[in-house]
$ cat query_17.csv   # CSV, C-alpha atoms
chain,number,residue,atom,x,y,z
U,110,MET,CA,43.7,-19.6,140.7
U,111,ARG,CA,44.0,-18.9,137.0
U,112,ARG,CA,44.5,-22.6,136.2
U,113,GLY,CA,41.4,-23.5,138.2
U,114,LEU,CA,39.3,-21.0,136.3
U,115,ILE,CA,40.6,-22.4,132.9
U,116,VAL,CA,39.6,-25.9,134.1
U,117,LEU,CA,36.2,-24.7,135.2
U,118,LEU,CA,35.5,-22.9,131.9
U,119,GLY,CA,36.7,-25.9,129.9
U,120,ALA,CA,34.3,-28.2,131.9
U,121,LEU,CA,31.4,-25.7,131.3
U,122,LEU,CA,32.2,-25.7,127.6
U,123,VAL,CA,32.2,-29.5,127.5
U,124,MET,CA,29.0,-29.8,129.5
U,125,THR,CA,27.3,-27.2,127.3
U,126,GLY,CA,28.4,-29.0,124.1
U,127,VAL,CA,27.1,-32.3,125.5
U,128,ALA,CA,23.8,-30.7,126.4
U,129,LEU,CA,23.4,-29.1,123.0
U,130,ALA,CA,24.3,-32.4,121.2
U,131,THR,CA,21.9,-34.6,123.3
U,132,PRO,CA,19.1,-35.9,121.1
U,133,VAL,CA,15.5,-34.8,121.9
U,134,PRO,CA,12.3,-36.3,120.6
U,135,ILE,CA,10.5,-34.4,117.9
U,136,LEU,CA,7.8,-34.8,115.3
U,137,SER,CA,8.7,-33.7,111.8
U,138,VAL,CA,6.2,-32.9,109.0
U,139,SER,CA,8.0,-32.5,105.6
U,140,ASP,CA,7.3,-32.4,101.9
U,141,GLY,CA,11.0,-32.7,101.1
U,142,ALA,CA,11.4,-28.9,100.6
U,143,THR,CA,9.7,-27.4,103.7
U,144,GLU,CA,9.8,-28.9,107.2
U,145,PHE,CA,7.8,-28.3,110.4
U,146,VAL,CA,9.5,-29.6,113.6
U,147,GLY,CA,7.7,-29.7,116.9
U,148,ARG,CA,8.7,-31.2,120.2
U,149,LEU,CA,6.9,-34.5,120.9
U,150,ASP,CA,8.0,-36.5,124.0
U,151,ASP,CA,7.7,-40.3,124.3
U,152,GLY,CA,4.1,-41.1,125.4
U,153,GLU,CA,2.8,-37.6,124.5
U,154,ALA,CA,-0.4,-37.3,122.5
U,155,MET,CA,-0.8,-35.9,119.0
U,156,ARG,CA,-4.0,-35.3,117.1
U,157,TYR,CA,-4.4,-35.2,113.3
U,158,SER,CA,-7.7,-33.5,112.3
U,159,TYR,CA,-9.2,-33.1,108.9
U,160,ARG,CA,-12.4,-32.8,106.9
U,161,GLN,CA,-13.3,-36.3,105.5
U,162,SER,CA,-14.1,-35.6,101.8
U,163,ILE,CA,-16.6,-38.4,101.2
U,164,TYR,CA,-19.0,-37.4,104.0
U,165,ASP,CA,-17.8,-33.8,104.4
U,166,ALA,CA,-17.4,-34.5,108.1
U,167,PRO,CA,-14.6,-33.4,110.6
U,168,VAL,CA,-12.5,-36.3,111.8
U,169,TRP,CA,-10.0,-36.4,114.7
U,170,GLU,CA,-7.4,-39.2,114.8
U,171,GLU,CA,-5.6,-39.5,118.1
U,172,PHE,CA,-2.1,-40.8,118.3
U,173,ARG,CA,0.6,-41.3,120.9
U,174,ARG,CA,4.4,-41.3,120.4
U,175,ASP,CA,5.9,-44.7,121.3
U,176,GLY,CA,9.6,-44.5,121.0
U,177,ASP,CA,10.2,-43.6,117.4
U,178,ARG,CA,6.8,-44.9,116.3
U,179,ILE,CA,3.4,-43.3,116.1
U,180,GLU,CA,0.6,-45.3,117.7
U,181,LEU,CA,-3.0,-44.7,116.6
U,182,LEU,CA,-5.3,-44.8,119.7
U,183,ARG,CA,-8.8,-43.9,118.5
U,184,VAL,CA,-10.8,-41.9,116.0
U,185,ARG,CA,-13.7,-39.5,116.6
U,186,SER,CA,-16.2,-37.8,114.2
U,187,GLN,CA,-19.6,-36.2,114.3
U,188,ASP,CA,-20.7,-38.5,111.4
U,189,ILE,CA,-20.7,-42.2,112.2
U,190,ARG,CA,-20.0,-43.1,108.6
U,191,SER,CA,-16.6,-41.5,108.9
U,192,ILE,CA,-15.7,-43.9,111.6
U,193,GLU,CA,-17.3,-46.9,109.8
U,194,TYR,CA,-15.2,-46.0,106.8
U,195,PHE,CA,-12.2,-47.4,108.7
U,196,ARG,CA,-13.9,-50.9,108.9
U,197,TRP,CA,-12.4,-51.8,112.2
U,198,ASP,CA,-13.8,-54.5,114.5
U,199,ALA,CA,-13.7,-52.2,117.5
U,200,PRO,CA,-17.1,-51.0,118.7
U,201,ILE,CA,-18.2,-47.5,117.9
U,202,VAL,CA,-19.7,-45.5,120.8
U,203,GLN,CA,-21.6,-42.3,120.9
U,204,GLU,CA,-20.6,-39.6,123.4
U,205,ASP,CA,-21.6,-36.0,123.7
U,206,ASP,CA,-18.9,-34.8,121.4
U,207,GLY,CA,-19.5,-37.3,118.6
U,208,TRP,CA,-18.8,-40.9,117.6
U,209,TRP,CA,-15.7,-42.7,118.9
U,210,THR,CA,-13.9,-45.9,118.2
U,211,SER,CA,-13.2,-47.4,121.6
U,212,ASP,CA,-9.8,-48.7,120.5
U,213,ALA,CA,-7.9,-48.7,117.3
U,214,PRO,CA,-6.5,-52.0,116.1
U,215,PRO,CA,-2.8,-52.4,117.0
U,216,SER,CA,-0.6,-50.3,114.7
U,217,ASP,CA,3.1,-50.2,114.0
U,218,ILE,CA,3.4,-46.8,112.2
U,219,ALA,CA,6.8,-45.5,111.4
U,220,GLU,CA,5.4,-42.5,109.5
U,221,LEU,CA,2.1,-41.0,108.2
U,222,VAL,CA,1.9,-40.1,104.6
U,223,ILE,CA,-0.7,-37.4,104.1
U,224,ARG,CA,-2.0,-35.7,100.9
U,225,ILE,CA,-2.9,-32.2,101.7
U,226,ALA,CA,-6.2,-31.1,100.0
U,227,PRO,CA,-7.5,-27.5,99.6
U,228,LEU,CA,-10.7,-28.3,101.5
U,229,GLY,CA,-9.2,-30.8,104.0
U,230,GLN,CA,-8.7,-28.4,106.9
U,231,GLN,CA,-5.8,-30.7,107.9
U,232,ARG,CA,-3.9,-30.0,111.2
U,233,ILE,CA,-1.6,-31.8,113.5
U,234,ALA,CA,-1.6,-30.6,117.1
U,235,THR,CA,-0.2,-31.4,120.5
U,236,ALA,CA,-0.6,-29.6,123.8
U,237,GLY,CA,2.2,-27.3,122.9
U,238,TRP,CA,1.9,-26.5,119.2
U,239,THR,CA,-0.3,-26.7,116.0
U,240,CYS,CA,0.7,-27.2,112.4
U,241,ASP,CA,-1.9,-26.0,109.8
U,242,MET,CA,-0.7,-28.1,106.9
U,243,LEU,CA,-2.3,-26.2,103.9
U,244,VAL,CA,-1.0,-22.9,105.2
U,245,LEU,CA,2.5,-24.2,105.6
U,246,PHE,CA,2.9,-26.6,102.7
U,247,GLY,CA,0.1,-25.9,100.2
U,248,GLU,CA,-1.3,-28.8,98.1
U,249,THR,CA,1.3,-31.6,98.3
U,250,VAL,CA,2.1,-34.8,100.1
U,251,VAL,CA,3.9,-34.7,103.5
U,252,ARG,CA,5.5,-37.4,105.6
U,253,VAL,CA,5.0,-37.2,109.4
U,254,ARG,CA,7.7,-38.9,111.5
U,255,ALA,CA,8.6,-39.3,115.1
U,256,ASP,CA,12.3,-38.6,115.2
U,257,ARG,CA,15.2,-37.4,117.5
U,258,ARG,CA,17.4,-34.4,116.8
U,259,PRO,CA,20.2,-32.8,118.6
U,260,PHE,CA,18.9,-30.3,121.1
U,261,VAL,CA,20.7,-27.3,119.4
U,262,LEU,CA,18.8,-28.1,116.2
U,263,THR,CA,15.5,-28.2,117.9
U,264,LEU,CA,16.1,-24.8,119.4
U,265,LEU,CA,16.4,-23.5,115.9
U,266,ASP,CA,13.6,-25.5,114.3
U,267,THR,CA,10.8,-26.2,116.8
U,268,ARG,CA,7.6,-24.3,117.3

$ encode --input "query_17.csv" --output "structure tokens"
Amino acid sequence: MRRGLIVLLGALLVMTGVALATPVPILSVSDGATEFVGRLDDGEAMRYSYRQSIYDAPVWEEFRRDGDRIELLRVRSQDIRSIEYFRWDAPIVQEDDGWWTSDAPPSDIAELVIRIAPLGQQRIATAGWTCDMLVLFGETVVRVRADRRPFVLTLLDTR
């Protein structure tokens, strides 16, 4: 009986260790000194929003995680010039909530490099969390990456 209990406890410890070490998909935002980590599953959507400085207009860039890459899907703004600024061949359509690109050109993005500006109102958001970049990082440059981390580290880091 005692030996069986020891074997059972040992098996539970091994399974717990494996579960805690298993990599999970995350999105990290880092300036090298401070880091924000949020869960972002494969295929899950992410939105980067900001105030475009040239036209002083809000812009929403919609992305999707594709493995360890970030795929840009489309862009929306209330000012058509903010969309035209991208100079894509894709048609721009008007809907009730602003102007949209119908499809972004194919992208192969390993990371986003973003300069945080005081008036930029820059945020990254998913269905489960939001990162207000100026509040967290201040004026700096951040790198945004789709990554994988051991589950135990995501328990400590994620929002």

$ atom_distance --input "query_17.csv" --atom1 "CA of Arg252 in chain U" --atom2 "CA of Pro214 in chain U"
21.6 Å

$ residues_around --input "query_17.csv" --residues "Ser139 in chain U" --least-positions-apart "6" --cutoff "10 Å" --atoms "all atoms listed in the file" --output "list of chain:residue names"
U:Phe145, U:Val146, U:Val222, U:Met242, U:Leu245, U:Phe246, U:Thr249, U:Val250, U:Val251, U:Arg252, U:Val253, U:Arg254

$ residues_around --input "query_17.csv" --residues "range 162-164 of chain U" --least-positions-apart "3" --cutoff "10 Å" --atoms "only C-alpha atoms" --output "CSV table (one decimal) with C-alpha atoms, keeping the file's coordinate frame"
chain,number,residue,atom,x,y,z
U,159,TYR,CA,-9.2,-33.1,108.9
U,167,PRO,CA,-14.6,-33.4,110.6
U,188,ASP,CA,-20.7,-38.5,111.4
U,189,ILE,CA,-20.7,-42.2,112.2
U,190,ARG,CA,-20.0,-43.1,108.6
U,191,SER,CA,-16.6,-41.5,108.9
U,194,TYR,CA,-15.2,-46.0,106.8
U,226,ALA,CA,-6.2,-31.1,100.0
U,228,LEU,CA,-10.7,-28.3,101.5
U,229,GLY,CA,-9.2,-30.8,104.0

$ atom_distance --input "query_17.csv" --atom1 "CA of Arg174 in chain U" --atom2 "CA of Glu220 in chain U"
11.0 Å

$ atom_distance --input "query_17.csv" --atom1 "CA of Ala213 in chain U" --atom2 "CA of Arg183 in chain U"
5.0 Å

$ closest_residue --input "query_17.csv" --among "U:Arg232, U:Arg196, U:Arg173, U:Arg224" --to "Glu248 in chain U" --atoms "all atoms listed in the file"
U:Arg224

$ closest_residue --input "query_17.csv" --among "U:Val168, U:Ala234, U:Leu221, U:Val184" --to "Glu153 in chain U" --atoms "all atoms listed in the file"
U:Ala234

$ closest_residue --input "query_17.csv" --among "U:Ile233, U:Ile225, U:Ala166, U:Leu149" --to "Pro134 in chain U" --atoms "only C-alpha atoms"
U:Leu149

$ closest_residue --input "query_17.csv" --among "U:Arg185, U:Ser216, U:Pro259, U:Asp177" --to "Val202 in chain U" --atoms "all atoms listed in the file"
U:Arg185
